[in-house]
Structures are given as C-alpha cells and as structure tokens.
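structure10.cif, holding mmCIF, C-alpha atoms and all ligand atoms:
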data_data
loop_
_atom_site.group_PDB
_atom_site.id
_atom_site.type_symbol
_atom_site.label_atom_id
_atom_site.label_comp_id
_atom_site.auth_asym_id
_atom_site.auth_seq_id
_atom_site.Cartn_x
_atom_site.Cartn_y
_atom_site.Cartn_z
ATOM 1 C CA MET A 1 74.725 139.571 109.125
ATOM 2 C CA THR A 2 72.589 136.391 109.036
ATOM 3 C CA ALA A 3 73.845 134.463 105.965
ATOM 4 C CA VAL A 4 77.196 134.179 104.152
ATOM 5 C CA THR A 5 78.013 132.106 101.061
ATOM 6 C CA VAL A 6 81.623 131.298 100.229
ATOM 7 C CA ARG A 7 82.834 129.682 97.006
ATOM 8 C CA VAL A 8 85.821 127.349 97.380
ATOM 9 C CA PRO A 9 87.939 125.723 94.652
ATOM 10 C CA ALA A 10 89.167 122.166 94.130
ATOM 11 C CA LYS A 11 92.884 121.578 93.653
ATOM 12 C CA VAL A 12 95.082 119.490 91.441
ATOM 13 C CA ASN A 13 98.715 118.789 92.332
ATOM 14 C CA LEU A 14 101.282 119.845 89.744
ATOM 15 C CA GLN A 15 103.985 118.080 91.754
ATOM 16 C CA LEU A 16 103.519 115.788 94.723
ATOM 17 C CA ALA A 17 106.880 114.641 96.099
ATOM 18 C CA VAL A 18 106.508 112.399 99.137
ATOM 19 C CA GLY A 19 109.204 111.655 101.711
ATOM 20 C CA PRO A 20 109.426 108.758 104.166
ATOM 21 C CA ALA A 21 106.813 108.299 106.912
ATOM 22 C CA ARG A 22 107.502 110.556 109.905
ATOM 23 C CA GLU A 23 107.165 109.514 113.538
ATOM 24 C CA ASP A 24 103.685 111.101 113.683
ATOM 25 C CA GLY A 25 102.594 108.960 110.711
ATOM 26 C CA TYR A 26 102.492 111.887 108.285
ATOM 27 C CA HIS A 27 104.887 112.360 105.369
ATOM 28 C CA ASP A 28 106.923 115.433 104.524
ATOM 29 C CA LEU A 29 105.840 116.709 101.144
ATOM 30 C CA VAL A 30 106.696 119.104 98.406
ATOM 31 C CA ASN A 31 103.181 119.634 97.175
ATOM 32 C CA VAL A 32 102.533 122.124 94.382
ATOM 33 C CA PHE A 33 98.843 122.976 94.688
ATOM 34 C CA HIS A 34 96.947 124.530 91.776
ATOM 35 C CA ALA A 35 93.359 125.737 92.319
ATOM 36 C CA VAL A 36 90.916 124.858 89.532
ATOM 37 C CA SER A 37 87.438 126.057 88.588
ATOM 38 C CA LEU A 38 85.426 123.270 90.161
ATOM 39 C CA PHE A 39 83.769 124.959 93.115
ATOM 40 C CA ASP A 40 81.756 123.945 96.146
ATOM 41 C CA GLU A 41 79.582 126.575 97.809
ATOM 42 C CA VAL A 42 79.376 126.781 101.585
ATOM 43 C CA THR A 43 76.455 128.785 102.999
ATOM 44 C CA VAL A 44 76.361 129.520 106.715
ATOM 45 C CA THR A 45 73.068 130.827 108.095
ATOM 46 C CA ALA A 46 72.202 131.936 111.622
ATOM 47 C CA ALA A 47 69.898 129.293 113.117
ATOM 48 C CA ARG A 48 67.771 128.718 116.193
ATOM 49 C CA PRO A 49 69.293 126.388 118.784
ATOM 50 C CA CYS A 50 67.543 123.067 119.064
ATOM 51 C CA ALA A 51 67.645 119.973 121.269
ATOM 52 C CA GLU A 52 69.467 117.720 118.778
ATOM 53 C CA TRP A 53 72.409 120.013 118.043
ATOM 54 C CA SER A 54 73.977 122.937 119.858
ATOM 55 C CA LEU A 55 76.217 124.759 117.402
ATOM 56 C CA VAL A 56 76.180 123.306 113.883
ATOM 57 C CA ARG A 57 73.541 121.661 111.763
ATOM 58 C CA LEU A 58 74.870 120.391 108.447
ATOM 59 C CA THR A 59 72.961 119.911 105.229
ATOM 60 C CA VAL A 60 74.428 118.701 101.937
ATOM 61 C CA ASP A 61 73.205 118.930 98.376
ATOM 62 C CA GLY A 62 74.735 118.429 94.947
ATOM 63 C CA GLN A 63 75.048 121.082 92.249
ATOM 64 C CA PRO A 64 74.180 119.800 88.752
ATOM 65 C CA GLY A 65 76.796 117.138 88.026
ATOM 66 C CA GLY A 66 77.841 116.981 91.688
ATOM 67 C CA ASP A 67 77.588 113.782 93.695
ATOM 68 C CA THR A 68 77.118 113.767 97.476
ATOM 69 C CA THR A 69 77.388 110.031 98.147
ATOM 70 C CA GLY A 70 79.654 109.397 101.111
ATOM 71 C CA VAL A 71 79.657 112.970 102.484
ATOM 72 C CA PRO A 72 79.259 112.763 106.291
ATOM 73 C CA ARG A 73 76.116 114.605 107.443
ATOM 74 C CA ASP A 74 77.144 114.834 111.087
ATOM 75 C CA ALA A 75 79.720 116.455 113.358
ATOM 76 C CA THR A 76 82.508 114.331 111.834
ATOM 77 C CA ASN A 77 82.316 116.350 108.598
ATOM 78 C CA LEU A 78 85.470 118.477 108.396
ATOM 79 C CA ALA A 79 83.361 121.611 107.737
ATOM 80 C CA ALA A 80 81.460 121.079 111.003
ATOM 81 C CA ARG A 81 84.737 120.407 112.821
ATOM 82 C CA ALA A 82 86.124 123.650 111.381
ATOM 83 C CA ALA A 83 83.175 125.637 112.782
ATOM 84 C CA HIS A 84 83.542 123.993 116.208
ATOM 85 C CA ARG A 85 87.277 124.685 116.197
ATOM 86 C CA LEU A 86 86.775 128.360 115.289
ATOM 87 C CA ALA A 87 84.139 128.735 118.033
ATOM 88 C CA ALA A 88 86.445 127.121 120.603
ATOM 89 C CA GLU A 89 89.358 129.322 119.561
ATOM 90 C CA THR A 90 87.492 132.631 119.567
ATOM 91 C CA GLY A 91 84.748 132.171 122.149
ATOM 92 C CA ALA A 92 82.274 133.167 119.411
ATOM 93 C CA GLY A 93 79.689 130.773 118.132
ATOM 94 C CA THR A 94 75.945 131.240 117.893
ATOM 95 C CA PRO A 95 74.100 128.302 116.281
ATOM 96 C CA VAL A 96 74.447 127.999 112.505
ATOM 97 C CA ASN A 97 73.240 125.899 109.650
ATOM 98 C CA ILE A 98 76.072 124.956 107.270
ATOM 99 C CA GLN A 99 74.851 124.071 103.810
ATOM 100 C CA LEU A 100 77.396 122.353 101.537
ATOM 101 C CA SER A 101 76.541 122.526 97.874
ATOM 102 C CA LYS A 102 78.887 119.990 96.251
ATOM 103 C CA ARG A 103 80.488 120.006 92.839
ATOM 104 C CA ILE A 104 84.000 118.844 93.790
ATOM 105 C CA PRO A 105 84.246 115.032 93.637
ATOM 106 C CA VAL A 106 83.959 113.288 97.012
ATOM 107 C CA ALA A 107 87.049 111.315 98.162
ATOM 108 C CA GLY A 108 88.455 112.118 94.729
ATOM 109 C CA GLY A 109 91.944 113.447 95.464
ATOM 110 C CA MET A 110 90.858 117.042 94.775
ATOM 111 C CA ALA A 111 90.565 118.142 98.421
ATOM 112 C CA GLY A 112 86.812 118.752 98.333
ATOM 113 C CA GLY A 113 86.323 118.085 102.063
ATOM 114 C CA SER A 114 89.232 120.403 102.841
ATOM 115 C CA ALA A 115 87.739 123.089 100.588
ATOM 116 C CA ASP A 116 84.420 122.832 102.459
ATOM 117 C CA ALA A 117 86.238 123.222 105.780
ATOM 118 C CA ALA A 118 88.047 126.303 104.461
ATOM 119 C CA GLY A 119 84.721 127.735 103.267
ATOM 120 C CA ALA A 120 83.108 127.072 106.653
ATOM 121 C CA LEU A 121 85.987 128.856 108.411
ATOM 122 C CA VAL A 122 85.637 131.974 106.235
ATOM 123 C CA ALA A 123 81.826 132.061 106.383
ATOM 124 C CA CYS A 124 81.541 131.421 110.145
ATOM 125 C CA ASN A 125 84.303 133.926 110.810
ATOM 126 C CA MET A 126 82.352 136.585 108.940
ATOM 127 C CA LEU A 127 78.938 135.679 110.351
ATOM 128 C CA TRP A 128 80.220 135.556 113.905
ATOM 129 C CA GLY A 129 82.385 138.671 113.459
ATOM 130 C CA THR A 130 85.166 137.064 115.498
ATOM 131 C CA GLY A 131 87.715 139.692 114.478
ATOM 132 C CA ILE A 132 90.487 137.137 113.837
ATOM 133 C CA ASP A 133 92.529 137.800 110.727
ATOM 134 C CA HIS A 134 93.520 135.783 107.647
ATOM 135 C CA ASP A 135 96.788 134.523 109.187
ATOM 136 C CA ASP A 136 94.926 133.206 112.257
ATOM 137 C CA LEU A 137 92.454 131.441 109.955
ATOM 138 C CA LEU A 138 95.370 129.909 108.031
ATOM 139 C CA ALA A 139 96.849 128.558 111.275
ATOM 140 C CA LEU A 140 93.494 127.038 112.300
ATOM 141 C CA ALA A 141 93.094 125.559 108.818
ATOM 142 C CA ALA A 142 96.542 123.935 109.007
ATOM 143 C CA GLU A 143 95.571 122.239 112.288
ATOM 144 C CA LEU A 144 92.379 120.856 110.767
ATOM 145 C CA GLY A 145 94.069 119.031 107.886
ATOM 146 C CA SER A 146 97.073 119.099 105.566
ATOM 147 C CA ASP A 147 95.057 120.460 102.610
ATOM 148 C CA VAL A 148 92.720 122.925 104.392
ATOM 149 C CA ALA A 149 94.963 125.995 104.278
ATOM 150 C CA PHE A 150 95.456 125.956 100.498
ATOM 151 C CA PRO A 151 91.823 126.633 99.462
ATOM 152 C CA LEU A 152 91.929 129.764 101.647
ATOM 153 C CA VAL A 153 94.791 131.045 99.494
ATOM 154 C CA GLY A 154 94.059 129.549 96.046
ATOM 155 C CA GLY A 155 96.134 130.294 92.945
ATOM 156 C CA THR A 156 99.261 128.137 92.800
ATOM 157 C CA ALA A 157 101.345 127.482 95.911
ATOM 158 C CA VAL A 158 104.038 125.147 97.184
ATOM 159 C CA GLY A 159 103.055 123.268 100.336
ATOM 160 C CA THR A 160 105.843 121.892 102.522
ATOM 161 C CA GLY A 161 105.828 120.195 105.909
ATOM 162 C CA ARG A 162 102.856 117.841 105.650
ATOM 163 C CA GLY A 163 101.574 120.208 102.941
ATOM 164 C CA GLU A 164 100.233 122.947 105.188
ATOM 165 C CA ILE A 165 103.153 125.441 105.059
ATOM 166 C CA LEU A 166 102.310 127.459 101.968
ATOM 167 C CA THR A 167 104.442 129.624 99.711
ATOM 168 C CA PRO A 168 102.515 131.231 96.831
ATOM 169 C CA VAL A 169 104.006 130.815 93.342
ATOM 170 C CA SER A 170 103.413 133.268 90.513
ATOM 171 C CA SER A 171 101.680 131.429 87.669
ATOM 172 C CA PRO A 172 100.857 133.827 84.827
ATOM 173 C CA GLY A 173 99.422 131.131 82.504
ATOM 174 C CA ARG A 174 95.861 129.849 82.211
ATOM 175 C CA TYR A 175 95.701 126.069 81.922
ATOM 176 C CA HIS A 176 92.876 123.888 80.684
ATOM 177 C CA TRP A 177 92.165 120.640 82.469
ATOM 178 C CA VAL A 178 89.969 117.600 82.170
ATOM 179 C CA PHE A 179 89.136 115.510 85.227
ATOM 180 C CA ALA A 180 87.972 111.924 84.897
ATOM 181 C CA LEU A 181 85.855 111.192 87.962
ATOM 182 C CA SER A 182 85.238 107.851 89.566
ATOM 183 C CA SER A 183 82.146 107.032 91.614
ATOM 184 C CA VAL A 184 84.199 104.955 94.086
ATOM 185 C CA GLY A 185 86.618 107.069 96.149
ATOM 186 C CA LEU A 186 90.074 106.230 97.528
ATOM 187 C CA SER A 187 91.061 106.892 101.140
ATOM 188 C CA THR A 188 94.050 109.239 101.372
ATOM 189 C CA ALA A 189 95.401 107.294 104.364
ATOM 190 C CA ASP A 190 95.178 103.996 102.419
ATOM 191 C CA VAL A 191 97.095 105.474 99.479
ATOM 192 C CA PHE A 192 99.867 106.799 101.753
ATOM 193 C CA ALA A 193 100.066 103.369 103.443
ATOM 194 C CA GLU A 194 100.406 101.712 100.033
ATOM 195 C CA TYR A 195 103.116 104.261 99.170
ATOM 196 C CA ASP A 196 105.070 103.192 102.292
ATOM 197 C CA ARG A 197 104.700 99.539 101.297
ATOM 198 C CA LEU A 198 105.857 100.110 97.709
ATOM 199 C CA ARG A 199 108.640 102.563 98.590
ATOM 200 C CA PRO A 200 109.985 101.829 102.081
ATOM 201 C CA HIS A 201 113.142 103.930 101.614
ATOM 202 C CA ALA A 202 111.761 107.088 100.032
ATOM 203 C CA PRO A 203 114.233 109.997 99.864
ATOM 204 C CA GLU A 204 113.435 113.402 101.337
ATOM 205 C CA PRO A 205 111.138 115.270 98.929
ATOM 206 C CA SER A 206 112.551 118.132 96.891
ATOM 207 C CA GLY A 207 111.116 120.793 94.605
ATOM 208 C CA ASP A 208 111.335 120.665 90.819
ATOM 209 C CA THR A 209 113.011 123.703 89.253
ATOM 210 C CA ALA A 210 111.820 122.633 85.762
ATOM 211 C CA LEU A 211 108.220 122.887 87.007
ATOM 212 C CA MET A 212 108.847 126.395 88.341
ATOM 213 C CA SER A 213 110.397 127.447 84.996
ATOM 214 C CA ALA A 214 107.431 125.931 83.136
ATOM 215 C CA LEU A 215 105.004 127.902 85.314
ATOM 216 C CA ALA A 216 106.969 131.098 84.711
ATOM 217 C CA SER A 217 106.893 130.463 80.925
ATOM 218 C CA ALA A 218 103.075 130.051 81.006
ATOM 219 C CA GLU A 219 103.498 127.298 78.364
ATOM 220 C CA ALA A 220 101.065 124.395 78.678
ATOM 221 C CA HIS A 221 103.460 122.042 76.819
ATOM 222 C CA ALA A 222 106.285 122.819 79.228
ATOM 223 C CA LEU A 223 104.006 122.360 82.225
ATOM 224 C CA GLY A 224 102.775 119.028 80.852
ATOM 225 C CA GLU A 225 106.344 117.713 80.691
ATOM 226 C CA THR A 226 106.941 118.439 84.360
ATOM 227 C CA LEU A 227 103.756 117.165 86.074
ATOM 228 C CA SER A 228 104.597 114.453 88.619
ATOM 229 C CA ASN A 229 102.928 112.598 91.453
ATOM 230 C CA ASP A 230 104.826 110.199 93.757
ATOM 231 C CA LEU A 231 101.484 108.800 94.976
ATOM 232 C CA GLU A 232 100.503 107.679 91.479
ATOM 233 C CA PRO A 233 102.061 104.166 91.675
ATOM 234 C CA ALA A 234 100.277 103.601 95.012
ATOM 235 C CA ALA A 235 96.929 104.820 93.656
ATOM 236 C CA LEU A 236 97.385 102.618 90.555
ATOM 237 C CA SER A 237 98.292 99.654 92.735
ATOM 238 C CA LEU A 238 94.971 100.043 94.592
ATOM 239 C CA ARG A 239 93.037 100.951 91.441
ATOM 240 C CA PRO A 240 94.731 99.268 88.428
ATOM 241 C CA ASP A 241 91.764 100.281 86.225
ATOM 242 C CA LEU A 242 93.007 103.900 86.329
ATOM 243 C CA ARG A 243 95.908 102.986 83.993
ATOM 244 C CA ALA A 244 93.428 102.592 81.134
ATOM 245 C CA THR A 245 91.775 105.920 82.049
ATOM 246 C CA LEU A 246 95.137 107.730 81.912
ATOM 247 C CA GLU A 247 95.946 106.046 78.599
ATOM 248 C CA ALA A 248 92.547 106.940 77.094
ATOM 249 C CA GLY A 249 93.181 110.627 77.865
ATOM 250 C CA ARG A 250 96.694 110.510 76.363
ATOM 251 C CA GLU A 251 95.336 108.872 73.211
ATOM 252 C CA ALA A 252 92.702 111.599 73.009
ATOM 253 C CA GLY A 253 95.465 114.213 72.759
ATOM 254 C CA ALA A 254 96.077 115.309 76.344
ATOM 255 C CA LEU A 255 99.513 116.907 76.845
ATOM 256 C CA ALA A 256 99.889 115.033 80.130
ATOM 257 C CA ALA A 257 97.915 112.641 82.317
ATOM 258 C CA VAL A 258 98.393 112.135 86.064
ATOM 259 C CA VAL A 259 96.462 110.820 89.013
ATOM 260 C CA SER A 260 95.258 113.834 91.035
ATOM 261 C CA GLY A 261 96.671 113.737 94.577
ATOM 262 C CA SER A 262 95.775 110.409 96.170
ATOM 263 C CA GLY A 263 93.239 109.699 93.399
ATOM 264 C CA PRO A 264 91.114 108.201 92.008
ATOM 265 C CA THR A 265 90.408 111.340 89.935
ATOM 266 C CA CYS A 266 92.679 111.459 86.871
ATOM 267 C CA ALA A 267 93.803 114.880 85.655
ATOM 268 C CA PHE A 268 94.598 115.678 82.013
ATOM 269 C CA LEU A 269 96.287 118.858 80.839
ATOM 270 C CA ALA A 270 95.024 120.066 77.466
ATOM 271 C CA ARG A 271 96.470 122.480 74.903
ATOM 272 C CA ASP A 272 93.553 124.936 75.207
ATOM 273 C CA GLY A 273 89.829 125.069 75.977
ATOM 274 C CA ALA A 274 88.819 123.362 72.716
ATOM 275 C CA GLY A 275 91.419 120.633 73.335
ATOM 276 C CA ALA A 276 89.998 120.057 76.809
ATOM 277 C CA ALA A 277 86.475 119.701 75.382
ATOM 278 C CA ARG A 278 87.798 117.119 72.867
ATOM 279 C CA VAL A 279 89.644 115.101 75.519
ATOM 280 C CA ALA A 280 86.572 115.158 77.797
ATOM 281 C CA ALA A 281 84.297 113.985 74.957
ATOM 282 C CA ALA A 282 86.708 111.156 74.033
ATOM 283 C CA LEU A 283 86.963 110.063 77.664
ATOM 284 C CA ARG A 284 83.171 110.008 78.025
ATOM 285 C CA GLU A 285 82.927 107.844 74.917
ATOM 286 C CA SER A 286 85.634 105.458 76.122
ATOM 287 C CA ARG A 287 84.842 102.561 78.425
ATOM 288 C CA HIS A 288 87.460 103.841 80.864
ATOM 289 C CA CYS A 289 85.834 106.847 82.462
ATOM 290 C CA GLU A 290 82.560 107.237 84.356
ATOM 291 C CA ARG A 291 82.345 111.039 84.119
ATOM 292 C CA ALA A 292 84.626 113.735 82.716
ATOM 293 C CA VAL A 293 84.491 117.461 83.492
ATOM 294 C CA THR A 294 86.559 120.399 82.245
ATOM 295 C CA ALA A 295 87.985 123.229 84.338
ATOM 296 C CA HIS A 296 90.716 125.844 84.181
ATOM 297 C CA GLY A 297 93.355 127.035 86.592
ATOM 298 C CA ASP A 298 94.545 128.706 88.471
ATOM 299 C CA VAL A 299 91.653 130.442 90.208
ATOM 300 C CA PRO A 300 91.412 132.424 93.458
ATOM 301 C CA GLY A 301 90.873 130.819 96.845
ATOM 302 C CA ALA A 302 87.814 131.058 99.113
ATOM 303 C CA THR A 303 85.670 133.997 97.961
ATOM 304 C CA VAL A 304 82.588 135.456 99.632
ATOM 305 C CA VAL A 305 79.917 135.496 96.915
ATOM 306 C CA ARG A 306 76.878 136.504 99.024
ATOM 307 C CA GLY A 307 76.368 138.064 102.417
ATOM 308 C CA SER A 308 73.242 139.494 103.961
HETATM 309 O O1 LIG B 1 95.863 115.841 106.999
HETATM 310 P P1 LIG B 1 94.762 114.976 106.488
HETATM 311 O O2 LIG B 1 93.757 114.646 107.536
HETATM 312 O O3 LIG B 1 94.131 115.503 105.239
HETATM 313 O O4 LIG B 1 95.459 113.606 106.065
HETATM 314 C C1 LIG B 1 94.710 112.446 105.799
HETATM 315 C C2 LIG B 1 95.646 111.245 105.903
HETATM 316 O O5 LIG B 1 96.579 111.280 104.824
HETATM 317 C C3 LIG B 1 96.488 111.225 107.156
HETATM 318 O O6 LIG B 1 95.828 110.558 108.198
HETATM 319 C C4 LIG B 1 97.723 110.448 106.703
HETATM 320 O O7 LIG B 1 97.465 109.062 106.700
HETATM 321 C C5 LIG B 1 97.859 110.861 105.254
HETATM 322 N N1 LIG B 1 98.819 111.965 105.061
HETATM 323 C C6 LIG B 1 100.187 111.706 105.199
HETATM 324 N N2 LIG B 1 101.078 112.720 105.015
HETATM 325 C C7 LIG B 1 100.666 113.955 104.672
HETATM 326 C C8 LIG B 1 99.296 114.241 104.519
HETATM 327 C C9 LIG B 1 98.396 113.213 104.715
HETATM 328 O O8 LIG B 1 100.583 110.579 105.490
HETATM 329 N N3 LIG B 1 101.561 114.917 104.485
#
Have the structure of the file written as structure tokens, please.
Ligand code: C5P
Amino acid sequence: MTAVTVRVPAKVNLQLAVGPAREDGYHDLVNVFHAVSLFDEVTVTAARPCAEWSLVRLTVDGQPGGDTTGVPRDATNLAARAAHRLAAETGAGTPVNIQLSKRIPVAGGMAGGSADAAGALVACNMLWGTGIDHDDLLALAAELGSDVAFPLVGGTAVGTGRGEILTPVSSPGRYHWVFALSSVGLSTADVFAEYDRLRPHAPEPSGDTALMSALASAEAHALGETLSNDLEPAALSLRPDLRATLEAGREAGALAAVVSGSGPTCAFLARDGAGAARVAAALRESRHCERAVTAHGDVPGATVVRGS
C-alpha cells in the first residue's frame, strides 16, 4: 500500500457542560459530540526521505469553500504530531507525505484540527501496517487532544473527563444544520480562560436527560429545545458580534441557535433540509455572517475512501 485517503467529519456540540478548572488546567466536561457532514480529507502517501524532514512532510489545500488560512504547515500541526506519535508508539514509520484537504473551518470550534489528526492516525496506521487496533488508536488519539478521539468514532457520543472518554449514544434522527463561519478564529484556550473569569465557581458538569430523550425521539424541535453550551457566554464576551449572528439565524426560522464549541462558528438547527437552505440564504444576505454552509448529522467517523 502506498497511498491512503481518509475522510473525517467536523463536530458540533449538542451539550457542552463545563466544570471548574482542574489542577492540570483542563476542565471536566460533559460534551455531547455530534458528527456533521463537513469533511476534511487526509491523504497519506509513501515518500522518499529528504534532508529537510525525516518522517512527515505536510501539505495543505482547501476544498471549494474551504479556507486554509492559519493552518500550521510544519511539525506543530496536530496531524503531523499524530503521525510522529504513532511511529514512536509502534516502531513503524517510513517517510510519508500528509496532504490535508480542508473544508472544516479553521479555529472554528468544529474540531477540524482534531479531525485531521484522527485522519492521519487512521491513514498512517493502514499505510504502515502497524497492526495496532481501533482501541489502541483511540487511546493515542485521547493523548493527542481532548477532541481527537471523537472523529475516529463519529455518530453521536458523550465525552467525559476532559472530553476524551467516549460513550456512543444512539441517535436515530437526521438533523439539518447551518453553520455561520467567521474568517477570524477563536483560541480554545482563550475561551476556557474567559469561562474561568466569568464563572469562577462553576459546578461539576452533569448530563442532560432531556437531551437524551430528544435524541431518542428523533424530533428536531425537541432537540432544538435542549441544545446548550456553557462556553457560549465566554465566546460571546470575546466576540460580541456573534450575538447578532445568532439572532439573525433565529429570525430566519432556525429552531435553535448556539455557538459551536468554543466558537466562533455559530450552529443553527433547522426543521428540515429546505429550512436549512432558507436559514443559510437569509444569513448570507444579512450583515451578520461572512459565510454560511449547510450540513446534516450525524455521520460516521473517520472512513477510508481510497487506498492503493
Ligand atoms: O485538548 P486540547 O489540546 O484540544 O485543548 C486545547 C485547550 O483547551 C487546552 O489547552 C485547555 O486550555 C482547553 N481545554 C480545557 N478543558 C478541556 C479541553 C480543553 O480547559 N476539557
């Protein structure tokens, strides 16, 4: 095998409950991840070693509508770190080119960098034939970042701990989403720091049984009533302009509007596909949104789409 392409989904959080800061600086979460049909593609190709790099060369391009501004092109990129980590763990590791083809917004609160790292793990694992199994990959992913394990699994799942301990949730419905993208990203660490400032005595996070019932009912209305994000006030404090974006989507008929993860992407739940198209069109026409895209969820996690 000399080339593997893996498709990896973005996520939106249906619930993000955030506890107080822990001693290690992280926060305990109840994080309900939901994979949506905005995909990056990660292609790993066997390469010749060269003087400037020993294991990983990284290239980045944008799919139509995808923006690559701000994506690190060097060994600091989480996808490159994932490949190095897998090589160190398994003793495998012939030189590879990792090509990231971006569609997921960068620094947008949709875990695009984490998705790329998950894709790199799956593709390198296959190309190198390391023989380690899915559970080992999940453990490596969890070490790399709080959101890296989820795109390996996809669907809908509850993340506890710092978000990396995953329990899949059955979600029989198909939901239609609109995402309002912003060209200026927000740093996840900055948003958590603002959360600590605004809410110094946060309670321990707990799950929402109404959200679980809504998911079981497969009713978009019911789901819309239960979406919640504890990081939203912090994201809005750093980016007050997002209030108007959320409001524009509500006025356009969205069932619910929330900041996605640490933002600045805003997520809107629509009644159906046609409703999502209407909300996206209204957002594009408003002054309060730079770009709007539609997607549905949930969708599967990292999937090998080509191998040769
Ligand atoms: O784990 P990851 O590298 O994605 O986290 C990025 C940053 O987000 C961390 O450095 C930390 O500041 C913050 N974070 C947190 N609690 C979590 C997850 C992330 O404080 N559970």
Next on the checklist: Which residues would end up in the selection if the PyMOL selection byres (((chain A and resi 77-81) around 9) and not hetatm) were applied here, given that I need the answer as a PyMOL selection string?
Outcome noted: chain A and resi 42+56-58+71-76+82-86+98+100+113-121+144-145
Output C-alpha atoms for every residue in that selection, as a compact mmCIF listing (two decimals), in the coordinates of the input.
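part-v4.txt, freshly written:
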# COMPACT_ATOMS: atom_id res chain seq x y z
CA VAL A 42 79.38 126.78 101.58
CA VAL A 56 76.18 123.31 113.88
CA ARG A 57 73.54 121.66 111.76
CA LEU A 58 74.87 120.39 108.45
CA VAL A 71 79.66 112.97 102.48
CA PRO A 72 79.26 112.76 106.29
CA ARG A 73 76.12 114.60 107.44
CA ASP A 74 77.14 114.83 111.09
CA ALA A 75 79.72 116.46 113.36
CA THR A 76 82.51 114.33 111.83
CA ALA A 82 86.12 123.65 111.38
CA ALA A 83 83.18 125.64 112.78
CA HIS A 84 83.54 123.99 116.21
CA ARG A 85 87.28 124.68 116.20
CA LEU A 86 86.78 128.36 115.29
CA ILE A 98 76.07 124.96 107.27
CA LEU A 100 77.40 122.35 101.54
CA GLY A 113 86.32 118.08 102.06
CA SER A 114 89.23 120.40 102.84
CA ALA A 115 87.74 123.09 100.59
CA ASP A 116 84.42 122.83 102.46
CA ALA A 117 86.24 123.22 105.78
CA ALA A 118 88.05 126.30 104.46
CA GLY A 119 84.72 127.74 103.27
CA ALA A 120 83.11 127.07 106.65
CA LEU A 121 85.99 128.86 108.41
CA LEU A 144 92.38 120.86 110.77
CA GLY A 145 94.07 119.03 107.89
Next on the checklist: Just want the residues within 8 Å of ligand LIG 1 (chain B), written as a PyMOL selection string, counting all atoms listed in the file.
Outcome noted: chain A and resi 18+21+25-29+114+144-148+161-163+187-193
Checklist entry - the PyMOL selection byres (((chain A and resi 290) around 9) and not hetatm) on the file shown: which residues, as a list in words? => result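 Output of the PyMOL selection byres (((chain A and resi 290) around 9) and not hetatm): Ala180, Leu181, Ser182, Ser183, Leu283, Arg284, Ser286, Arg287, His288, Cys289, Arg291 and Ala292 of chain A.
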Selected residues written out, C-alpha atoms, as a compact mmCIF listing (two decimals), in the coordinates of the input:
# COMPACT_ATOMS: atom_id res chain seq x y z
CA ALA A 180 87.97 111.92 84.90
CA LEU A 181 85.86 111.19 87.96
CA SER A 182 85.24 107.85 89.57
CA SER A 183 82.15 107.03 91.61
CA LEU A 283 86.96 110.06 77.66
CA ARG A 284 83.17 110.01 78.03
CA SER A 286 85.63 105.46 76.12
CA ARG A 287 84.84 102.56 78.42
CA HIS A 288 87.46 103.84 80.86
CA CYS A 289 85.83 106.85 82.46
CA ARG A 291 82.34 111.04 84.12
CA ALA A 292 84.63 113.74 82.72
Checklist entry - CA of Val4 in chain A and CA of Arg174 in chain A, how far apart in Å? => result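 Those two atoms sit 29.1 Å apart.
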Item to check | Explicit residue set for the PyMOL selection byres (((chain A and resi 5) around 8) and not hetatm), as a ChimeraX atom specification | outcome: /A:3-4,6-7,41-44,123,304-307
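One distance worth recording is that between CA of Gly62 in chain A and CA of Val293 in chain A, which is 15.1 Å.
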Checklist entry - With only C-alpha atoms as the basis for distance, which of A:Val60, A:Ala107, A:Ala149, A:Cys124 is at the shortest distance from Ala46 in chain A? => result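 The answer is A:Cys124, which sits nearest to Ala46 in chain A.
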Checklist outcome for this item: Min atom-atom distance to Gly159 in chain A from the set A:Pro205, A:Asp298, A:Phe179, A:Asp272, counting all atoms listed in the file, belongs to A:Pro205
Item to check | Residues near Leu236 in chain A, cut-off 12 Å, only C-alpha atoms, skip fewer than 4 positions along chain, as a list in words | outcome: Leu186, Val191, Glu194, Tyr195, Leu198, Asn229, Asp230, Leu231, Glu232, Pro240, Asp241, Leu242, Arg243, Ala244, Thr245, Leu246, Val258, Val259, Ser260, Gly261, Ser262, Gly263, Pro264, Thr265 and Cys266 of chain A
How would the residues just chosen look if you wrote them out with C-alpha atoms as a CSV table (one decimal), keeping the file's coordinate frame?
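File written: again.csv
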chain,number,residue,atom,x,y,z
A,186,LEU,CA,90.1,106.2,97.5
A,191,VAL,CA,97.1,105.5,99.5
A,194,GLU,CA,100.4,101.7,100.0
A,195,TYR,CA,103.1,104.3,99.2
A,198,LEU,CA,105.9,100.1,97.7
A,229,ASN,CA,102.9,112.6,91.5
A,230,ASP,CA,104.8,110.2,93.8
A,231,LEU,CA,101.5,108.8,95.0
A,232,GLU,CA,100.5,107.7,91.5
A,240,PRO,CA,94.7,99.3,88.4
A,241,ASP,CA,91.8,100.3,86.2
A,242,LEU,CA,93.0,103.9,86.3
A,243,ARG,CA,95.9,103.0,84.0
A,244,ALA,CA,93.4,102.6,81.1
A,245,THR,CA,91.8,105.9,82.0
A,246,LEU,CA,95.1,107.7,81.9
A,258,VAL,CA,98.4,112.1,86.1
A,259,VAL,CA,96.5,110.8,89.0
A,260,SER,CA,95.3,113.8,91.0
A,261,GLY,CA,96.7,113.7,94.6
A,262,SER,CA,95.8,110.4,96.2
A,263,GLY,CA,93.2,109.7,93.4
A,264,PRO,CA,91.1,108.2,92.0
A,265,THR,CA,90.4,111.3,89.9
A,266,CYS,CA,92.7,111.5,86.9
